[in-house]
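Heads up: the structure comes next, in structure tokens.
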Amino acid sequence: MDSQKFVELEERFGAHNYHPLDVIIDRGEGVWVWDVEGKKYMDCLAAYSAVNQGHCHPRIVEALLEQAPRLSLTSRAFRNNRLAGFYEKLAKLTGFDKVLPMNTGAEAVETAIKAARKWAYTVKGTAEDQAEIIVFDGNFHGRTTTIVSFSTEAQSRNGFGPFTPGFKIVPYGDFDAISEAMHGDVAAILIEPIQGEGGIIVPPHGFLKHLRDLADEHNSLLMMDEIQAGLGRTGKLFAYQHEGIRPDVVVIGKALSGGLYPVSAMLADDAVMSVFHPGDHGSTYGGNPVAAAVAMAALDVLVDEKLIENSASLGAYAIERLKKLEGDAHVKEVRGKGLWIGIELHESSGGARRFCEVMQHRGVLCKETHVHVIRLAPPLIVTREQLDWALDIIETTLAADDPKSLLLEEAVSVS
Ligand SMILES: *Cc1c(COP(=O)(O)O)cnc(C)c1O
């Protein structure tokens, strides 16, 4: 079946809730993927950082293949022999007392919201239904009805009301606005340490520290959504470590399983996690033995292959190279941390998508975010040689007045 046929079938029988590039991927290995016609590409999105360990990492695949035929699901009505090891490994790696496993990122965020509210009522002493959670302009925390209730993206909200109350939105990175927004009934501040879907927005240095101080001052929790930023993407295990702080609650997902299985978790110390009692919260698949086995292998790969260090050094290198494009015809700003880079184009450049489409034809898969930003986030196993190959293509594509002209030139030179 050729690519066009797959596209037609998808469009005919599937909901149209995404607008993907028309590349039909059939196989992946490391940083590379191949489409159904056999063309090879470097994946520079890595499934929004879920595939930080690279596609089909052999160690993680092996963990899945070993566990799946042995025991796949018990539900949490019974215990299984893989969960304890997963808890211990994750708690020790991250330095938090306790782990609460879920499946998707949005579920982990929901878990954190519930924890913050229950903590406010049972520990802090907030009056019934008065607990407020402060969030930020441009946030992305998932797609559930409660989470879209505090989105500032019109498209995420429009048509999905009525919305869950109890959230206040303040501008991201604005020191004064958050100071003013704090009050005695703030249960928690929930923030992405770098906004991913918002366009790789890095807050001013000191902002996270400021939030830590405010949360302490008002006896509120500081909750970090590290679902995309965490587990090495920014060159640290967690992005909040760039400011030397420690939040009360962290939510992770995506790379926790290296892309093989949906696994997410909320992390916290006992003082917060102990608000949950049997029956308060849960998930049929959360903490199942396949998820636990896969996540343990994914964490081992992260540590043993020094992916965090690789992200830090190659990320700094890539940002330095790409910064040279600033001031060129199309490039307004290059920003990011580690191997998580946003290239913002001028509005006059006609949107990032047309550049992504040309890069696709030249063998590099990137995706636009927020119309004018190209997000560069290759798997963290990428080597310097592989990265140089992709950067050459990205730089020449962005340097062209009309990127489509490159495809004509290449077609001529091949024939
Ligand atoms: C992807 C993402 C989520 C939601 O994760 P899902 O697994 O898609 O539900 C939440 N927060 C951030 C920062 C994300 O990048």
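Chains: A, B, ... in order of the structure tokens. Residues: from 1 per chain. Ligands: from 1, in order shown.
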
Worksheet item: ligand 1: which residues are within 6 Å, counting only C-alpha atoms and all ligand atoms, as JSON, numbers by chain?
Response: {"A": [104, 105, 106, 140, 141, 142, 192, 225, 227, 228]}

Worksheet item: If we count only C-alpha atoms, what is near Tyr87 (chain A) at a cut-off of 8 Å, once residues fewer than 4 positions away on the same chain are taken out, given as a PyMOL selection string?
Response: chain A and resi 83+91+98-99

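Closest approach to Gly85 (chain A) among A:Ala291, A:Leu345, A:Ile200, A:Ile374 is made by A:Ala291 (distances from only C-alpha atoms).
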
Worksheet entry | Counting only C-alpha atoms, the residue of A:Ala115, A:Leu93, A:Ala329, A:Val358 that sits nearest Leu302 (chain A) |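 For Leu302 (chain A), the nearest of the given residues is A:Leu93.
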
Worksheet item: Got a sec to tell me which of region 64-188 of chain A DSSP assigns to strand (DSSP E or B), as a ChimeraX atom specification?
Response: /A:98-102,132-136,167-170,186-188

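Contact shell of Glu409 (chain A) at 12 Å (only C-alpha atoms; same-chain neighbours under 6 positions omitted): Arg362, Ala400, Asp402, Pro403 and Ser415 of chain A.
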
Convert the current residue selection to file output with N, CA and C atoms, as an mmCIF file, in the first residue's frame.
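Saved to part-v2.cif:
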```cif
data_model
loop_
_atom_site.group_PDB
_atom_site.id
_atom_site.type_symbol
_atom_site.label_atom_id
_atom_site.label_comp_id
_atom_site.auth_asym_id
_atom_site.auth_seq_id
_atom_site.Cartn_x
_atom_site.Cartn_y
_atom_site.Cartn_z
ATOM 1 N N ARG A 362 14.069 16.280 2.765
ATOM 2 C CA ARG A 362 15.527 16.167 2.804
ATOM 3 C C ARG A 362 16.009 15.199 3.889
ATOM 4 N N ALA A 400 17.577 29.306 2.924
ATOM 5 C CA ALA A 400 17.032 29.512 1.580
ATOM 6 C C ALA A 400 15.906 30.544 1.600
ATOM 7 N N ASP A 402 13.484 30.712 -0.570
ATOM 8 C CA ASP A 402 12.311 29.869 -0.760
ATOM 9 C C ASP A 402 12.752 28.421 -0.575
ATOM 10 N N PRO A 403 12.420 27.813 0.583
ATOM 11 C CA PRO A 403 12.951 26.466 0.862
ATOM 12 C C PRO A 403 12.566 25.438 -0.198
ATOM 13 N N SER A 415 19.042 13.497 -10.786
ATOM 14 C CA SER A 415 18.709 12.918 -12.101
ATOM 15 C C SER A 415 19.826 13.058 -13.129
#
```

Got a sec: who's within 12 Å of Glu88 (chain A), counting only C-alpha atoms, leaving out chain neighbours fewer than 2 positions off, as a JSON list (two decimals) with all heavy atoms, in the first residue's frame?
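Dumped to selection_39.json:
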```json
[["chain", "number", "residue", "atom", "x", "y", "z"],
["A", 82, "ARG", "N", 6.77, -6.90, 39.93],
["A", 82, "ARG", "CA", 7.61, -5.92, 39.25],
["A", 82, "ARG", "C", 7.46, -4.51, 39.82],
["A", 82, "ARG", "O", 8.30, -3.66, 39.63],
["A", 82, "ARG", "CB", 7.31, -5.88, 37.74],
["A", 82, "ARG", "CG", 7.41, -7.20, 37.02],
["A", 82, "ARG", "CD", 8.69, -7.98, 37.36],
["A", 82, "ARG", "NE", 9.92, -7.26, 37.11],
["A", 82, "ARG", "CZ", 10.65, -7.36, 36.01],
["A", 82, "ARG", "NH1", 10.30, -8.17, 35.06],
["A", 82, "ARG", "NH2", 11.75, -6.67, 35.87],
["A", 83, "LEU", "N", 6.36, -4.27, 40.51],
["A", 83, "LEU", "CA", 6.06, -2.90, 40.94],
["A", 83, "LEU", "C", 7.06, -2.40, 41.99],
["A", 83, "LEU", "O", 7.52, -1.25, 41.91],
["A", 83, "LEU", "CB", 4.62, -2.84, 41.48],
["A", 83, "LEU", "CG", 4.08, -1.46, 41.81],
["A", 83, "LEU", "CD1", 4.16, -0.54, 40.60],
["A", 83, "LEU", "CD2", 2.62, -1.57, 42.28],
["A", 84, "ALA", "N", 7.41, -3.24, 42.94],
["A", 84, "ALA", "CA", 8.29, -2.81, 44.03],
["A", 84, "ALA", "C", 9.63, -2.31, 43.48],
["A", 84, "ALA", "O", 10.13, -1.24, 43.88],
["A", 84, "ALA", "CB", 8.52, -3.97, 45.00],
["A", 85, "GLY", "N", 10.19, -3.06, 42.54],
["A", 85, "GLY", "CA", 11.49, -2.68, 41.97],
["A", 85, "GLY", "C", 11.40, -1.36, 41.21],
["A", 85, "GLY", "O", 12.33, -0.54, 41.25],
["A", 86, "PHE", "N", 10.29, -1.17, 40.52],
["A", 86, "PHE", "CA", 10.08, 0.09, 39.79],
["A", 86, "PHE", "C", 10.01, 1.26, 40.77],
["A", 86, "PHE", "O", 10.67, 2.29, 40.60],
["A", 86, "PHE", "CB", 8.81, -0.03, 38.95],
["A", 86, "PHE", "CG", 8.31, 1.27, 38.37],
["A", 86, "PHE", "CD1", 9.12, 2.07, 37.59],
["A", 86, "PHE", "CD2", 7.00, 1.69, 38.61],
["A", 86, "PHE", "CE1", 8.65, 3.27, 37.06],
["A", 86, "PHE", "CE2", 6.52, 2.88, 38.09],
["A", 86, "PHE", "CZ", 7.35, 3.68, 37.31],
["A", 90, "LEU", "N", 12.83, 4.29, 40.84],
["A", 90, "LEU", "CA", 12.42, 5.65, 40.51],
["A", 90, "LEU", "C", 12.60, 6.59, 41.70],
["A", 90, "LEU", "O", 13.08, 7.72, 41.56],
["A", 90, "LEU", "CB", 10.96, 5.65, 40.02],
["A", 90, "LEU", "CG", 10.42, 6.96, 39.46],
["A", 90, "LEU", "CD1", 11.32, 7.51, 38.35],
["A", 90, "LEU", "CD2", 9.00, 6.78, 38.94],
["A", 91, "ALA", "N", 12.24, 6.12, 42.88],
["A", 91, "ALA", "CA", 12.38, 6.95, 44.09],
["A", 91, "ALA", "C", 13.86, 7.26, 44.33],
["A", 91, "ALA", "O", 14.23, 8.41, 44.62],
["A", 91, "ALA", "CB", 11.76, 6.26, 45.29],
["A", 92, "LYS", "N", 14.71, 6.25, 44.21],
["A", 92, "LYS", "CA", 16.14, 6.47, 44.49],
["A", 92, "LYS", "C", 16.77, 7.38, 43.44],
["A", 92, "LYS", "O", 17.60, 8.23, 43.76],
["A", 92, "LYS", "CB", 16.88, 5.13, 44.56],
["A", 92, "LYS", "CG", 16.53, 4.39, 45.84],
["A", 92, "LYS", "CD", 17.50, 3.27, 46.15],
["A", 92, "LYS", "CE", 17.28, 2.79, 47.59],
["A", 92, "LYS", "NZ", 17.63, 1.37, 47.76],
["A", 93, "LEU", "N", 16.38, 7.22, 42.18],
["A", 93, "LEU", "CA", 16.95, 8.06, 41.12],
["A", 93, "LEU", "C", 16.55, 9.53, 41.30],
["A", 93, "LEU", "O", 17.35, 10.44, 41.08],
["A", 93, "LEU", "CB", 16.48, 7.56, 39.75],
["A", 93, "LEU", "CG", 16.96, 8.37, 38.54],
["A", 93, "LEU", "CD1", 18.47, 8.22, 38.33],
["A", 93, "LEU", "CD2", 16.21, 7.96, 37.26],
["A", 94, "THR", "N", 15.30, 9.75, 41.70],
["A", 94, "THR", "CA", 14.78, 11.13, 41.72],
["A", 94, "THR", "C", 14.88, 11.78, 43.09],
["A", 94, "THR", "O", 14.72, 13.00, 43.19],
["A", 94, "THR", "CB", 13.30, 11.14, 41.29],
["A", 94, "THR", "OG1", 12.54, 10.34, 42.20],
["A", 94, "THR", "CG2", 13.13, 10.59, 39.89],
["A", 95, "GLY", "N", 15.08, 10.98, 44.13],
["A", 95, "GLY", "CA", 15.21, 11.55, 45.47],
["A", 95, "GLY", "C", 13.88, 11.90, 46.13],
["A", 95, "GLY", "O", 13.86, 12.69, 47.08],
["A", 96, "PHE", "N", 12.79, 11.35, 45.67],
["A", 96, "PHE", "CA", 11.51, 11.56, 46.35],
["A", 96, "PHE", "C", 11.13, 10.29, 47.12],
["A", 96, "PHE", "O", 11.50, 9.18, 46.74],
["A", 96, "PHE", "CB", 10.41, 11.92, 45.34],
["A", 96, "PHE", "CG", 10.55, 13.34, 44.85],
["A", 96, "PHE", "CD1", 11.29, 13.63, 43.72],
["A", 96, "PHE", "CD2", 9.98, 14.39, 45.57],
["A", 96, "PHE", "CE1", 11.46, 14.95, 43.28],
["A", 96, "PHE", "CE2", 10.14, 15.71, 45.14],
["A", 96, "PHE", "CZ", 10.87, 15.99, 44.00],
["A", 97, "ASP", "N", 10.37, 10.50, 48.22],
["A", 97, "ASP", "CA", 10.01, 9.36, 49.08],
["A", 97, "ASP", "C", 9.11, 8.36, 48.35],
["A", 97, "ASP", "O", 9.27, 7.16, 48.53],
["A", 97, "ASP", "CB", 9.21, 9.84, 50.32],
["A", 97, "ASP", "CG", 10.06, 10.66, 51.28],
["A", 97, "ASP", "OD1", 11.30, 10.62, 51.18],
["A", 97, "ASP", "OD2", 9.45, 11.35, 52.14],
["A", 98, "LYS", "N", 8.15, 8.88, 47.58],
["A", 98, "LYS", "CA", 7.11, 7.98, 47.09],
["A", 98, "LYS", "C", 6.72, 8.25, 45.63],
["A", 98, "LYS", "O", 6.82, 9.36, 45.12],
["A", 98, "LYS", "CB", 5.87, 8.12, 47.96],
["A", 98, "LYS", "CG", 6.06, 7.64, 49.40],
["A", 98, "LYS", "CD", 5.20, 6.44, 49.67],
["A", 98, "LYS", "CE", 5.35, 5.77, 51.04],
["A", 98, "LYS", "NZ", 6.34, 6.18, 51.96],
["A", 99, "VAL", "N", 6.19, 7.18, 45.02],
["A", 99, "VAL", "CA", 5.79, 7.18, 43.61],
["A", 99, "VAL", "C", 4.33, 6.77, 43.51],
["A", 99, "VAL", "O", 3.89, 5.85, 44.21],
["A", 99, "VAL", "CB", 6.63, 6.13, 42.84],
["A", 99, "VAL", "CG1", 6.19, 6.02, 41.39],
["A", 99, "VAL", "CG2", 8.12, 6.43, 42.94],
["A", 100, "LEU", "N", 3.56, 7.46, 42.66],
["A", 100, "LEU", "CA", 2.19, 7.02, 42.35],
["A", 100, "LEU", "C", 2.10, 6.83, 40.84],
["A", 100, "LEU", "O", 2.18, 7.81, 40.09],
["A", 100, "LEU", "CB", 1.16, 8.03, 42.86],
["A", 100, "LEU", "CG", -0.30, 7.54, 42.97],
["A", 100, "LEU", "CD1", -1.12, 8.47, 43.84],
["A", 100, "LEU", "CD2", -0.98, 7.36, 41.62],
["A", 267, "LEU", "N", 5.48, 12.07, 41.68],
["A", 267, "LEU", "CA", 6.50, 11.86, 42.71],
["A", 267, "LEU", "C", 6.32, 12.91, 43.81],
["A", 267, "LEU", "O", 6.06, 14.08, 43.51],
["A", 267, "LEU", "CB", 7.90, 12.05, 42.12],
["A", 267, "LEU", "CG", 8.24, 11.30, 40.84],
["A", 267, "LEU", "CD1", 9.56, 11.80, 40.27],
["A", 267, "LEU", "CD2", 8.31, 9.81, 41.12],
["A", 292, "ALA", "N", 5.90, -1.48, 34.60],
["A", 292, "ALA", "CA", 6.99, -1.42, 35.57],
["A", 292, "ALA", "C", 8.29, -1.95, 34.96],
["A", 292, "ALA", "O", 9.36, -1.33, 35.10],
["A", 292, "ALA", "CB", 6.62, -2.20, 36.83],
["A", 295, "ALA", "N", 9.56, 0.53, 32.26],
["A", 295, "ALA", "CA", 10.07, 1.78, 32.84],
["A", 295, "ALA", "C", 11.41, 1.57, 33.53],
["A", 295, "ALA", "O", 12.30, 2.42, 33.44],
["A", 295, "ALA", "CB", 9.05, 2.38, 33.80],
["A", 296, "MET", "N", 11.55, 0.44, 34.21],
["A", 296, "MET", "CA", 12.86, 0.17, 34.85],
["A", 296, "MET", "C", 13.96, 0.12, 33.80],
["A", 296, "MET", "O", 15.04, 0.70, 34.00],
["A", 296, "MET", "CB", 12.80, -1.16, 35.62],
["A", 296, "MET", "CG", 12.16, -1.02, 36.97],
["A", 296, "MET", "SD", 12.41, -2.51, 37.99],
["A", 296, "MET", "CE", 11.05, -3.52, 37.43],
["A", 299, "LEU", "N", 14.74, 3.64, 32.48],
["A", 299, "LEU", "CA", 15.54, 4.44, 33.43],
["A", 299, "LEU", "C", 16.99, 3.95, 33.44],
["A", 299, "LEU", "O", 17.92, 4.76, 33.51],
["A", 299, "LEU", "CB", 14.93, 4.35, 34.84],
["A", 299, "LEU", "CG", 13.57, 5.05, 35.00],
["A", 299, "LEU", "CD1", 12.97, 4.73, 36.38],
["A", 299, "LEU", "CD2", 13.68, 6.56, 34.82]]
```

Worksheet entry | Picked from region 10-223 of chain A by DSSP as helix (DSSP H, G or I), as number ranges by chain | A: 10-13, 46-49, 58-67, 83-94, 105-124, 145-149, 154-157, 175-181, 207-217

Let's have the selection written as a JSON list (two decimals), in the first residue's frame, with C-alpha atoms.
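Saved result, part_17.json, follows:
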```json
[["chain", "number", "residue", "atom", "x", "y", "z"],
["A", 10, "GLU", "CA", -6.81, 7.43, 7.98],
["A", 11, "GLU", "CA", -8.74, 10.48, 6.89],
["A", 12, "ARG", "CA", -11.78, 8.39, 6.00],
["A", 13, "PHE", "CA", -12.06, 6.28, 9.17],
["A", 46, "ALA", "CA", 11.26, 11.98, 19.32],
["A", 47, "ALA", "CA", 7.51, 11.73, 19.94],
["A", 48, "TYR", "CA", 7.57, 14.91, 22.02],
["A", 49, "SER", "CA", 10.43, 13.49, 24.11],
["A", 58, "PRO", "CA", 17.00, -3.17, 22.42],
["A", 59, "ARG", "CA", 17.19, -3.23, 26.23],
["A", 60, "ILE", "CA", 13.72, -1.77, 26.65],
["A", 61, "VAL", "CA", 12.28, -4.02, 23.93],
["A", 62, "GLU", "CA", 13.82, -7.00, 25.70],
["A", 63, "ALA", "CA", 12.20, -6.00, 29.01],
["A", 64, "LEU", "CA", 8.82, -5.81, 27.25],
["A", 65, "LEU", "CA", 9.27, -9.14, 25.49],
["A", 66, "GLU", "CA", 10.33, -10.85, 28.70],
["A", 67, "GLN", "CA", 7.45, -9.51, 30.78],
["A", 83, "LEU", "CA", 6.06, -2.90, 40.94],
["A", 84, "ALA", "CA", 8.29, -2.81, 44.03],
["A", 85, "GLY", "CA", 11.49, -2.68, 41.97],
["A", 86, "PHE", "CA", 10.08, 0.09, 39.79],
["A", 87, "TYR", "CA", 9.11, 2.17, 42.84],
["A", 88, "GLU", "CA", 12.51, 1.71, 44.43],
["A", 89, "LYS", "CA", 14.46, 2.55, 41.28],
["A", 90, "LEU", "CA", 12.42, 5.65, 40.51],
["A", 91, "ALA", "CA", 12.38, 6.95, 44.09],
["A", 92, "LYS", "CA", 16.14, 6.47, 44.49],
["A", 93, "LEU", "CA", 16.95, 8.06, 41.12],
["A", 94, "THR", "CA", 14.78, 11.13, 41.72],
["A", 105, "GLY", "CA", 0.81, 12.40, 31.31],
["A", 106, "ALA", "CA", -2.59, 14.00, 31.69],
["A", 107, "GLU", "CA", -3.52, 11.41, 34.32],
["A", 108, "ALA", "CA", -0.37, 12.19, 36.29],
["A", 109, "VAL", "CA", -1.26, 15.91, 36.18],
["A", 110, "GLU", "CA", -4.80, 15.11, 37.36],
["A", 111, "THR", "CA", -3.26, 13.07, 40.17],
["A", 112, "ALA", "CA", -1.13, 16.04, 41.23],
["A", 113, "ILE", "CA", -4.15, 18.36, 41.17],
["A", 114, "LYS", "CA", -6.11, 15.97, 43.37],
["A", 115, "ALA", "CA", -3.13, 15.57, 45.73],
["A", 116, "ALA", "CA", -2.77, 19.35, 46.07],
["A", 117, "ARG", "CA", -6.45, 19.84, 46.82],
["A", 118, "LYS", "CA", -6.63, 17.04, 49.36],
["A", 119, "TRP", "CA", -3.41, 18.28, 50.97],
["A", 120, "ALA", "CA", -4.90, 21.77, 51.27],
["A", 121, "TYR", "CA", -8.05, 20.48, 53.01],
["A", 122, "THR", "CA", -6.50, 17.83, 55.23],
["A", 123, "VAL", "CA", -3.05, 19.25, 56.05],
["A", 124, "LYS", "CA", -3.05, 22.98, 55.42],
["A", 145, "THR", "CA", -11.74, 18.49, 30.83],
["A", 146, "THR", "CA", -10.20, 19.77, 34.06],
["A", 147, "ILE", "CA", -6.82, 20.46, 32.46],
["A", 148, "VAL", "CA", -8.26, 22.32, 29.47],
["A", 149, "SER", "CA", -10.26, 24.36, 31.97],
["A", 154, "ALA", "CA", -8.55, 29.07, 22.57],
["A", 155, "GLN", "CA", -8.56, 25.89, 20.50],
["A", 156, "SER", "CA", -7.99, 23.65, 23.53],
["A", 157, "ARG", "CA", -11.01, 25.13, 25.33],
["A", 175, "PHE", "CA", 7.82, 37.86, 39.00],
["A", 176, "ASP", "CA", 5.42, 40.57, 40.17],
["A", 177, "ALA", "CA", 2.27, 38.97, 38.81],
["A", 178, "ILE", "CA", 2.85, 35.72, 40.67],
["A", 179, "SER", "CA", 3.76, 37.56, 43.88],
["A", 180, "GLU", "CA", 0.47, 39.44, 43.70],
["A", 181, "ALA", "CA", -1.52, 36.33, 42.84],
["A", 207, "PHE", "CA", 11.81, 32.52, 38.29],
["A", 208, "LEU", "CA", 11.53, 28.96, 39.59],
["A", 209, "LYS", "CA", 13.48, 29.96, 42.70],
["A", 210, "HIS", "CA", 11.04, 32.84, 43.17],
["A", 211, "LEU", "CA", 8.14, 30.36, 43.00],
["A", 212, "ARG", "CA", 9.88, 28.15, 45.56],
["A", 213, "ASP", "CA", 10.19, 31.11, 47.96],
["A", 214, "LEU", "CA", 6.59, 32.21, 47.45],
["A", 215, "ALA", "CA", 5.28, 28.68, 47.96],
["A", 216, "ASP", "CA", 7.24, 28.41, 51.22],
["A", 217, "GLU", "CA", 6.05, 31.80, 52.39]]
```

Discussion item. List as number ranges by chain the protein and nucleic acid residues near Leu231 (chain A), meaning an atom at most 10 Å away when only C-alpha atoms are counted, but skip any in the same chain fewer than 5 places from it.
Written reply: A: 49-50, 52, 94, 226, 236-239, 252-256, 299, 302-303, 307-308

Write out, as a CSV table (one decimal), in the first residue's frame, the residues just selected, with N, CA, C and O atoms.
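File result00.csv, as written:
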```csv
chain,number,residue,atom,x,y,z
A,49,SER,N,9.5,13.9,23.0
A,49,SER,CA,10.4,13.5,24.1
A,49,SER,C,10.1,12.2,24.8
A,49,SER,O,10.7,11.8,25.8
A,50,ALA,N,9.1,11.4,24.2
A,50,ALA,CA,8.8,10.1,24.8
A,50,ALA,C,9.9,9.1,24.3
A,50,ALA,O,10.2,8.1,25.0
A,52,ASN,N,13.2,9.5,24.1
A,52,ASN,CA,14.5,10.1,24.4
A,52,ASN,C,15.6,9.0,24.3
A,52,ASN,O,16.7,9.3,24.0
A,94,THR,N,15.3,9.8,41.7
A,94,THR,CA,14.8,11.1,41.7
A,94,THR,C,14.9,11.8,43.1
A,94,THR,O,14.7,13.0,43.2
A,226,GLU,N,7.2,17.9,34.6
A,226,GLU,CA,8.4,17.6,33.9
A,226,GLU,C,8.1,16.5,32.9
A,226,GLU,O,9.0,15.7,32.5
A,236,LYS,N,19.7,18.0,32.3
A,236,LYS,CA,19.7,17.6,33.7
A,236,LYS,C,18.6,16.6,33.9
A,236,LYS,O,17.7,16.5,33.0
A,237,LEU,N,18.6,15.8,35.0
A,237,LEU,CA,17.6,14.8,35.1
A,237,LEU,C,16.2,15.5,35.1
A,237,LEU,O,15.3,15.1,34.4
A,238,PHE,N,16.1,16.6,35.9
A,238,PHE,CA,14.9,17.5,35.8
A,238,PHE,C,15.3,18.9,35.5
A,238,PHE,O,16.3,19.4,36.0
A,239,ALA,N,14.4,19.6,34.8
A,239,ALA,CA,14.8,21.0,34.3
A,239,ALA,C,14.8,21.9,35.5
A,239,ALA,O,15.6,22.9,35.5
A,252,ILE,N,5.9,13.1,35.8
A,252,ILE,CA,6.7,12.6,34.7
A,252,ILE,C,5.8,11.7,33.9
A,252,ILE,O,4.8,11.1,34.3
A,253,GLY,N,6.3,11.5,32.6
A,253,GLY,CA,5.6,10.5,31.7
A,253,GLY,C,6.5,10.3,30.5
A,253,GLY,O,7.7,10.2,30.7
A,254,LYS,N,5.9,10.4,29.3
A,254,LYS,CA,6.7,10.3,28.1
A,254,LYS,C,7.9,9.4,28.2
A,254,LYS,O,7.8,8.2,28.1
A,255,ALA,N,9.1,9.9,28.4
A,255,ALA,CA,10.4,9.1,28.3
A,255,ALA,C,10.5,8.1,29.5
A,255,ALA,O,11.4,7.3,29.5
A,256,LEU,N,9.6,8.2,30.4
A,256,LEU,CA,9.6,7.2,31.5
A,256,LEU,C,9.6,5.8,31.0
A,256,LEU,O,10.1,4.8,31.6
A,299,LEU,N,14.7,3.6,32.5
A,299,LEU,CA,15.5,4.4,33.4
A,299,LEU,C,17.0,4.0,33.4
A,299,LEU,O,17.9,4.8,33.5
A,302,LEU,N,18.7,5.4,30.5
A,302,LEU,CA,19.0,6.8,30.7
A,302,LEU,C,20.3,7.0,31.5
A,302,LEU,O,21.1,7.9,31.1
A,303,VAL,N,20.5,6.2,32.5
A,303,VAL,CA,21.6,6.4,33.4
A,303,VAL,C,22.9,5.7,32.7
A,303,VAL,O,23.9,6.4,32.6
A,307,LEU,N,22.7,9.6,29.0
A,307,LEU,CA,21.9,10.4,28.0
A,307,LEU,C,21.8,11.8,28.5
A,307,LEU,O,21.7,12.7,27.7
A,308,ILE,N,21.8,12.0,29.9
A,308,ILE,CA,21.6,13.3,30.4
A,308,ILE,C,22.9,14.2,30.0
A,308,ILE,O,22.7,15.3,29.6
```

Fill in: Point-to-point distance in Å for CA of Ser264 (chain A) and CA of Gln130 (chain A)
28.4 Å

Worksheet entry | Top pick for closest residue to Ile24 (chain A), considering A:Glu197, A:Ile191, A:Gln241, A:Gln360 and counting only C-alpha atoms |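 The shortest atom-to-atom distance to Ile24 (chain A) comes from A:Gln360.
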
Fill in: Nearest candidate to Tyr261 (chain A) (options A:Val7, A:Ala187, A:Met102, A:Met223; using only C-alpha atoms)
A:Met102

Fill in: All residues 8 Å or closer to Arg76 (chain A), only C-alpha atoms, same chain fewer than 5 positions away omitted, as a ChimeraX atom specification
/A:284,286-288

Print the selection's residues with C-alpha atoms to a file, as a CSV table (one decimal), in the first residue's frame.
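The result, written out as result06.csv:
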```
chain,number,residue,atom,x,y,z
A,284,THR,CA,-6.7,-0.2,36.3
A,286,GLY,CA,-1.4,2.1,36.5
A,287,GLY,CA,1.7,0.2,37.8
A,288,ASN,CA,1.0,-2.9,35.8
```
